[in-house]
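Worksheet for the structure shown next.
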Amino acid sequence: MALGVSEREAITSESAVATARALAPAVAAGASVRDAEKALPVEQVEALSAAGLFALTVPTEYGGPGLPVSTVAAVTATIAAADGSLAQIPQSHFTFLDAAWRGGSDVLRRSLSERVLNGALVANAQTELGGRTTRDDSTALRRSTGRLVLSGTKFYCTGAIFADILAVRALGPDGGSVIAYVPAGAEGVTIGTDWDAFGQSTTSSGTVDLDDVVVDPDLVLDYTGLLARPSTYGTRAQLLHAAIDTGLARGAVDTIAGLAEKARPWFEGAVDRAADDPLLIAQAGDLELAVRSAEALLVVAGERIHHAETTPGAGAVAEASLATAAAKVAAGRAARRAGSELFDFGGTRTAAGSANLSRYWRDARTHTLHDPERWKLHHLGRWALDRVRPPSHGTF
């Protein structure tokens, strides 16, 4: 759905978050059933698009609101509290739009801006299953009879089935890595629905096959060059991952009051309600602390990124990376813990399959496999001990 000029101008950080909050109850109402049935959230993705939430970062020079990534993080966390799978779908959308704003041609930036302002969604097709590391690609963009053609197979292509545009990472014709932006419906593109993980089950993060897909040269950017210079590119991507985990943690903790209300108190507590059990109260307080800590660190990281982007310098970029690493680790820990401990507040009945409360932990456990927290801690430790600045790359 296209946004009119007045609608674009009216989008602010406050209105974007308010819109997400307004959409969240309806999203949450069907989240458990969608998870249980592995039913794709087609209507919910369309609702986010129609509300203009995919267009938040389109630069003002191209007709968009040009909102900061901290706003996207707040929106993402709000949606993730309602449905962790749904919140994951546009993460790569914002990441690869950011890549285009930084390293793409004017043709690419204008093309994406126009389409995204009309509601388009970008999905990633970057990682493969067979490489030595997640950065090794066999997918290649090559010259053939005067054209650029793209061939290969990608996996973990989150949101591809919903997408209008695929951002495909590949070996470039002149060496190095590139990102090619191709229409999801282009000839030679096949999008699978073979994602079968136990968590985030409705993200459609399966296979994309590319068979001699013709690519417009103006819609290709130098990904190696983008990552070669220190920037907040990877940090912004990580902030949105942290926002997903923060939202998952909040969603899980927000269930415990209802669970405790229906639970029978433990006889040793000598109380009439489970919610008056002093040990359960202490556990609830500790969980709330963990989630509030993650939420606070998410805000701080967003502020550090904004500072690095308005006051350029290696020191500011490093501080943004460290702040985001802290937010990411705290959010992951809070999400996994809250998804596990929520069962304590309702007792054995919460383990019923029909309750499907396991989805909070399953989503958190699946999403936090994205990139290892141990390396976030490593770089935080190197900074604490020797003031070694962290690397600037796509996952930090």
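Residue numbering restarts at 1 for every chain of the structure tokens, chains are lettered A, B, ... in their displayed order, and ligands are numbered from 1 as they appear.
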
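These are the residues of range 356-388 of chain A assigned alpha helix (DSSP H) by DSSP from backbone coordinates: A:Ser358, A:Arg359, A:Tyr360, A:Trp361, A:Arg362, A:Asp363, A:Ala364, A:Arg365, A:Thr366, A:His367, A:Glu373, A:Arg374, A:Trp375, A:Lys376, A:Leu377, A:His378, A:His379, A:Leu380, A:Gly381, A:Arg382, A:Trp383, A:Ala384, A:Leu385, A:Asp386.
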
Store the residues of this selection in a file with C-alpha atoms, as a PDB file, in the first residue's frame.
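Saved the output as selection-v9.pdb:
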```
ATOM      1  CA  SER A 358       7.014 -23.251  25.018  1.00  0.00           C
ATOM      2  CA  ARG A 359       6.995 -20.960  21.989  1.00  0.00           C
ATOM      3  CA  TYR A 360       8.631 -18.148  23.953  1.00  0.00           C
ATOM      4  CA  TRP A 361      11.657 -20.283  24.823  1.00  0.00           C
ATOM      5  CA  ARG A 362      11.729 -21.986  21.416  1.00  0.00           C
ATOM      6  CA  ASP A 363      11.726 -18.639  19.631  1.00  0.00           C
ATOM      7  CA  ALA A 364      14.410 -17.262  21.936  1.00  0.00           C
ATOM      8  CA  ARG A 365      16.604 -20.343  21.720  1.00  0.00           C
ATOM      9  CA  THR A 366      16.350 -20.394  17.917  1.00  0.00           C
ATOM     10  CA  HIS A 367      16.930 -16.696  17.390  1.00  0.00           C
ATOM     11  CA  GLU A 373      27.215 -14.347  22.297  1.00  0.00           C
ATOM     12  CA  ARG A 374      30.624 -15.669  23.370  1.00  0.00           C
ATOM     13  CA  TRP A 375      32.262 -13.441  20.767  1.00  0.00           C
ATOM     14  CA  LYS A 376      30.340 -10.428  22.018  1.00  0.00           C
ATOM     15  CA  LEU A 377      31.708 -11.165  25.487  1.00  0.00           C
ATOM     16  CA  HIS A 378      35.182 -11.689  24.052  1.00  0.00           C
ATOM     17  CA  HIS A 379      35.273  -8.219  22.532  1.00  0.00           C
ATOM     18  CA  LEU A 380      33.750  -6.652  25.633  1.00  0.00           C
ATOM     19  CA  GLY A 381      36.471  -8.367  27.667  1.00  0.00           C
ATOM     20  CA  ARG A 382      39.268  -7.228  25.342  1.00  0.00           C
ATOM     21  CA  TRP A 383      37.989  -3.678  25.727  1.00  0.00           C
ATOM     22  CA  ALA A 384      37.737  -3.940  29.516  1.00  0.00           C
ATOM     23  CA  LEU A 385      41.264  -5.317  29.913  1.00  0.00           C
ATOM     24  CA  ASP A 386      43.296  -3.645  27.173  1.00  0.00           C
TER      25      ASP A 386
END
```

**Q.** Who sits within 12 Å of Ala257 in chain A, only C-alpha atoms, same chain under 6 positions skipped, as a PyMOL selection string
**A.** chain A and resi 251+263+273-276+280-281+284-285+288+342-346

Could the residues in this selection be saved with C-alpha atoms as a compact mmCIF listing (two decimals), in the first residue's frame?
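Written file, part.txt:
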```txt
# COMPACT_ATOMS: atom_id res chain seq x y z
CA GLY A 251 6.39 -11.04 26.03
CA ALA A 263 -2.06 -21.48 39.72
CA ARG A 273 -2.77 -17.04 46.14
CA ALA A 274 0.27 -18.28 44.27
CA ALA A 275 1.08 -14.64 43.52
CA ASP A 276 1.54 -14.03 47.27
CA LEU A 280 7.63 -16.60 43.62
CA ILE A 281 7.49 -12.84 44.12
CA ALA A 284 9.24 -12.50 39.39
CA GLY A 285 11.20 -9.48 40.55
CA GLU A 288 11.52 -8.22 35.66
CA LEU A 342 7.60 -18.65 33.04
CA PHE A 343 6.47 -22.25 33.67
CA ASP A 344 7.31 -21.87 37.35
CA PHE A 345 4.48 -19.38 37.74
CA GLY A 346 1.74 -21.65 36.47
```

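The protein and nucleic acid residues lying at most 7 Å from range 184-200 of chain A are Gly84, Ser85, Ala160, Ile161, Ala163, Asp164, Ile165, Leu166, Ser205, Gly206, Thr207, Val208, Asp209, Leu210, Asp211, Asp212, Val213, Arg359, Arg362, Asp363 and Thr366 of chain A, with only C-alpha atoms considered and sequence neighbours fewer than 5 positions away removed.
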
Subject >> Distance query Gly119 in chain A at most 10 Å, only C-alpha atoms, self and fewer than 4 positions along chain excluded, as a list in words >> reply: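 These residues fall inside the cut-off: Met1, Ala2, Leu3, Glu46, Ala47, Leu48, Ser49, Ala50, Ala51, Gly52, Leu53, Phe54, Ala55, Ser113, Glu114, Arg115 and Asp164 of chain A.
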
Q.
Report as a list in words all protein, DNA and RNA residues lying within 7 Å of Leu148 in chain A, evaluated on only C-alpha atoms, omitting residues in the same chain fewer than 4 positions from it.
A.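 Within the cut-off, the hits are Leu141, Arg142, Arg143, Ser144, Val214, Val215 and Pro217 of chain A.
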
Keeping only C-alpha atoms, write the selected residues to a file as a PDB file, in the first residue's frame.
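Okay, this is what ended up in selection17.pdb:
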```pdb
ATOM      1  CA  LEU A 141      27.184 -13.232 -10.151  1.00  0.00           C
ATOM      2  CA  ARG A 142      28.834 -13.651 -13.527  1.00  0.00           C
ATOM      3  CA  ARG A 143      28.847 -12.098 -16.980  1.00  0.00           C
ATOM      4  CA  SER A 144      27.103 -14.072 -19.680  1.00  0.00           C
ATOM      5  CA  VAL A 214      19.270 -11.686 -14.807  1.00  0.00           C
ATOM      6  CA  VAL A 215      20.465  -8.803 -12.615  1.00  0.00           C
ATOM      7  CA  PRO A 217      24.017  -3.792 -12.882  1.00  0.00           C
TER       8      PRO A 217
END
```

With only C-alpha atoms as the atoms that count, which of A:Asn356, A:Thr311, A:Gln126, A:Thr153 lies nearest to Ala252 in chain A?
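Among A:Asn356, A:Thr311, A:Gln126, A:Thr153, it is A:Asn356 that comes nearest to Ala252 in chain A.
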
**OP:** Mind checking which residues fall within 9 Å of range 168-179 of chain A, counting only C-alpha atoms, ignoring those fewer than 2 positions away in the same chain, and posting them as a list in words?
**Re:** Phe96, Ala99, Ala123, Asn124, Ala125, Gln126, Thr127, Asp137, Ser138, Thr139, Ala140, Leu141, Arg142, Arg143, Leu148, Leu150, Ser151, Gly152, Lys154, Leu166, Tyr181, Val182, Leu219, Val220, Leu221, Asp222, Tyr223, Thr224 and Gly225 of chain A

Residues from the last selection, N, CA and C atoms, saved as a tab-separated table (two decimals), in the first residue's frame:
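Result file is part_19.tsv:
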```tsv
chain	number	residue	atom	x	y	z
A	96	PHE	N	19.40	-4.52	4.87
A	96	PHE	CA	19.86	-4.39	3.48
A	96	PHE	C	19.39	-3.10	2.83
A	99	ALA	N	22.34	-1.05	3.86
A	99	ALA	CA	23.47	-1.30	2.95
A	99	ALA	C	23.33	-0.47	1.68
A	123	ALA	N	13.90	-9.01	1.59
A	123	ALA	CA	14.32	-10.15	2.40
A	123	ALA	C	15.73	-10.55	2.01
A	124	ASN	N	16.42	-11.21	2.94
A	124	ASN	CA	17.80	-11.61	2.65
A	124	ASN	C	17.86	-12.97	1.98
A	125	ALA	N	18.89	-13.12	1.19
A	125	ALA	CA	19.29	-14.43	0.67
A	125	ALA	C	20.82	-14.41	0.70
A	126	GLN	N	21.39	-14.58	1.89
A	126	GLN	CA	22.83	-14.40	2.01
A	126	GLN	C	23.58	-15.65	2.43
A	127	THR	N	23.07	-16.42	3.39
A	127	THR	CA	23.85	-17.52	3.95
A	127	THR	C	23.59	-18.82	3.19
A	137	ASP	N	30.64	-18.15	0.18
A	137	ASP	CA	29.59	-18.24	-0.83
A	137	ASP	C	30.04	-19.04	-2.04
A	138	SER	N	29.15	-19.86	-2.55
A	138	SER	CA	29.36	-20.45	-3.86
A	138	SER	C	28.45	-19.80	-4.90
A	139	THR	N	27.39	-19.14	-4.42
A	139	THR	CA	26.52	-18.38	-5.32
A	139	THR	C	27.35	-17.31	-6.01
A	140	ALA	N	27.18	-17.19	-7.32
A	140	ALA	CA	28.04	-16.28	-8.08
A	140	ALA	C	27.23	-15.41	-9.03
A	141	LEU	N	27.69	-14.16	-9.15
A	141	LEU	CA	27.18	-13.23	-10.15
A	141	LEU	C	28.23	-13.17	-11.25
A	142	ARG	N	27.85	-13.56	-12.45
A	142	ARG	CA	28.83	-13.65	-13.53
A	142	ARG	C	28.30	-12.99	-14.79
A	143	ARG	N	29.23	-12.68	-15.69
A	143	ARG	CA	28.85	-12.10	-16.98
A	143	ARG	C	28.57	-13.22	-17.97
A	148	LEU	N	24.53	-9.69	-16.67
A	148	LEU	CA	24.90	-10.24	-15.38
A	148	LEU	C	23.84	-11.25	-14.98
A	150	LEU	N	22.85	-14.49	-12.10
A	150	LEU	CA	23.09	-14.92	-10.73
A	150	LEU	C	22.61	-16.35	-10.57
A	151	SER	N	23.49	-17.22	-10.03
A	151	SER	CA	23.10	-18.61	-9.81
A	151	SER	C	23.65	-19.10	-8.48
A	152	GLY	N	22.85	-19.93	-7.80
A	152	GLY	CA	23.28	-20.51	-6.53
A	152	GLY	C	22.09	-20.86	-5.67
A	154	LYS	N	20.65	-20.49	-1.60
A	154	LYS	CA	20.78	-19.85	-0.29
A	154	LYS	C	19.82	-20.50	0.70
A	166	LEU	N	14.67	-9.48	-3.15
A	166	LEU	CA	15.64	-10.30	-2.44
A	166	LEU	C	17.02	-9.64	-2.53
A	181	TYR	N	20.27	-6.89	-5.72
A	181	TYR	CA	18.86	-6.72	-5.35
A	181	TYR	C	18.01	-7.14	-6.55
A	182	VAL	N	17.29	-8.23	-6.36
A	182	VAL	CA	16.53	-8.81	-7.48
A	182	VAL	C	15.06	-8.94	-7.10
A	219	LEU	N	21.70	-2.30	-9.75
A	219	LEU	CA	21.11	-2.79	-8.50
A	219	LEU	C	22.05	-3.73	-7.77
A	220	VAL	N	23.35	-3.54	-7.97
A	220	VAL	CA	24.39	-4.35	-7.32
A	220	VAL	C	25.32	-3.40	-6.56
A	221	LEU	N	25.67	-3.79	-5.34
A	221	LEU	CA	26.63	-2.98	-4.59
A	221	LEU	C	27.81	-3.83	-4.13
A	222	ASP	N	28.91	-3.15	-3.89
A	222	ASP	CA	30.16	-3.78	-3.46
A	222	ASP	C	30.09	-4.05	-1.96
A	223	TYR	N	29.80	-5.29	-1.58
A	223	TYR	CA	29.64	-5.63	-0.17
A	223	TYR	C	30.99	-5.70	0.53
A	224	THR	N	32.00	-6.19	-0.15
A	224	THR	CA	33.34	-6.23	0.43
A	224	THR	C	33.80	-4.83	0.81
A	225	GLY	N	33.58	-3.88	-0.10
A	225	GLY	CA	33.95	-2.50	0.17
A	225	GLY	C	33.15	-1.89	1.31
```

Ala335 in chain A proximity check over A:Ala249, A:Ala318, A:Leu297, A:Ala270, using only C-alpha atoms: winner is A:Ala249

*asked:* Based on the backbone DSSP call, show me all residues of range 173-377 of chain A assigned strand (DSSP E or B), as number ranges by chain.
replied: A: 177-183, 189-191, 208-215, 220-222

| message | Just want the 10 Å neighbourhood of Glu319 in chain A, counted on only C-alpha atoms, with same-chain residues fewer than 5 positions away dropped. Output as a list in words. | response | Ala301, Arg304, Ile305, His307, Ala308, Ala314, Thr324, Ala325, Trp383, Arg389 and Pro390 of chain A

Hey, can you spit out that residue selection with C-alpha atoms as a PDB file, in the first residue's frame?
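Output file again-v2.pdb follows:
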```pdb
ATOM      1  CA  ALA A 301      22.851   1.163  22.314  1.00  0.00           C
ATOM      2  CA  ARG A 304      25.387   5.300  20.976  1.00  0.00           C
ATOM      3  CA  ILE A 305      24.682   4.402  17.350  1.00  0.00           C
ATOM      4  CA  HIS A 307      26.043   9.504  18.306  1.00  0.00           C
ATOM      5  CA  ALA A 308      28.439   7.542  16.085  1.00  0.00           C
ATOM      6  CA  ALA A 314      36.545   5.312  15.126  1.00  0.00           C
ATOM      7  CA  THR A 324      25.148  -2.977  21.161  1.00  0.00           C
ATOM      8  CA  ALA A 325      27.091  -6.107  22.071  1.00  0.00           C
ATOM      9  CA  TRP A 383      37.989  -3.678  25.727  1.00  0.00           C
ATOM     10  CA  ARG A 389      38.477  -1.674  19.964  1.00  0.00           C
ATOM     11  CA  PRO A 390      36.156  -4.295  18.482  1.00  0.00           C
TER      12      PRO A 390
END
```

A:Val300, A:Asp35, A:Ala29, A:Ser13 ranked by distance to Gly353 in chain A, top pick (using only C-alpha atoms) |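 When distances to Gly353 in chain A are compared using only C-alpha atoms, the smallest one comes from A:Asp35.
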
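Taking CA of Asn118 in chain A and CA of Val58 in chain A as the two end points, the separation is 11.3 Å.
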
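Between CA of Arg236 in chain A and CA of Val69 in chain A lies a distance of 6.7 Å.
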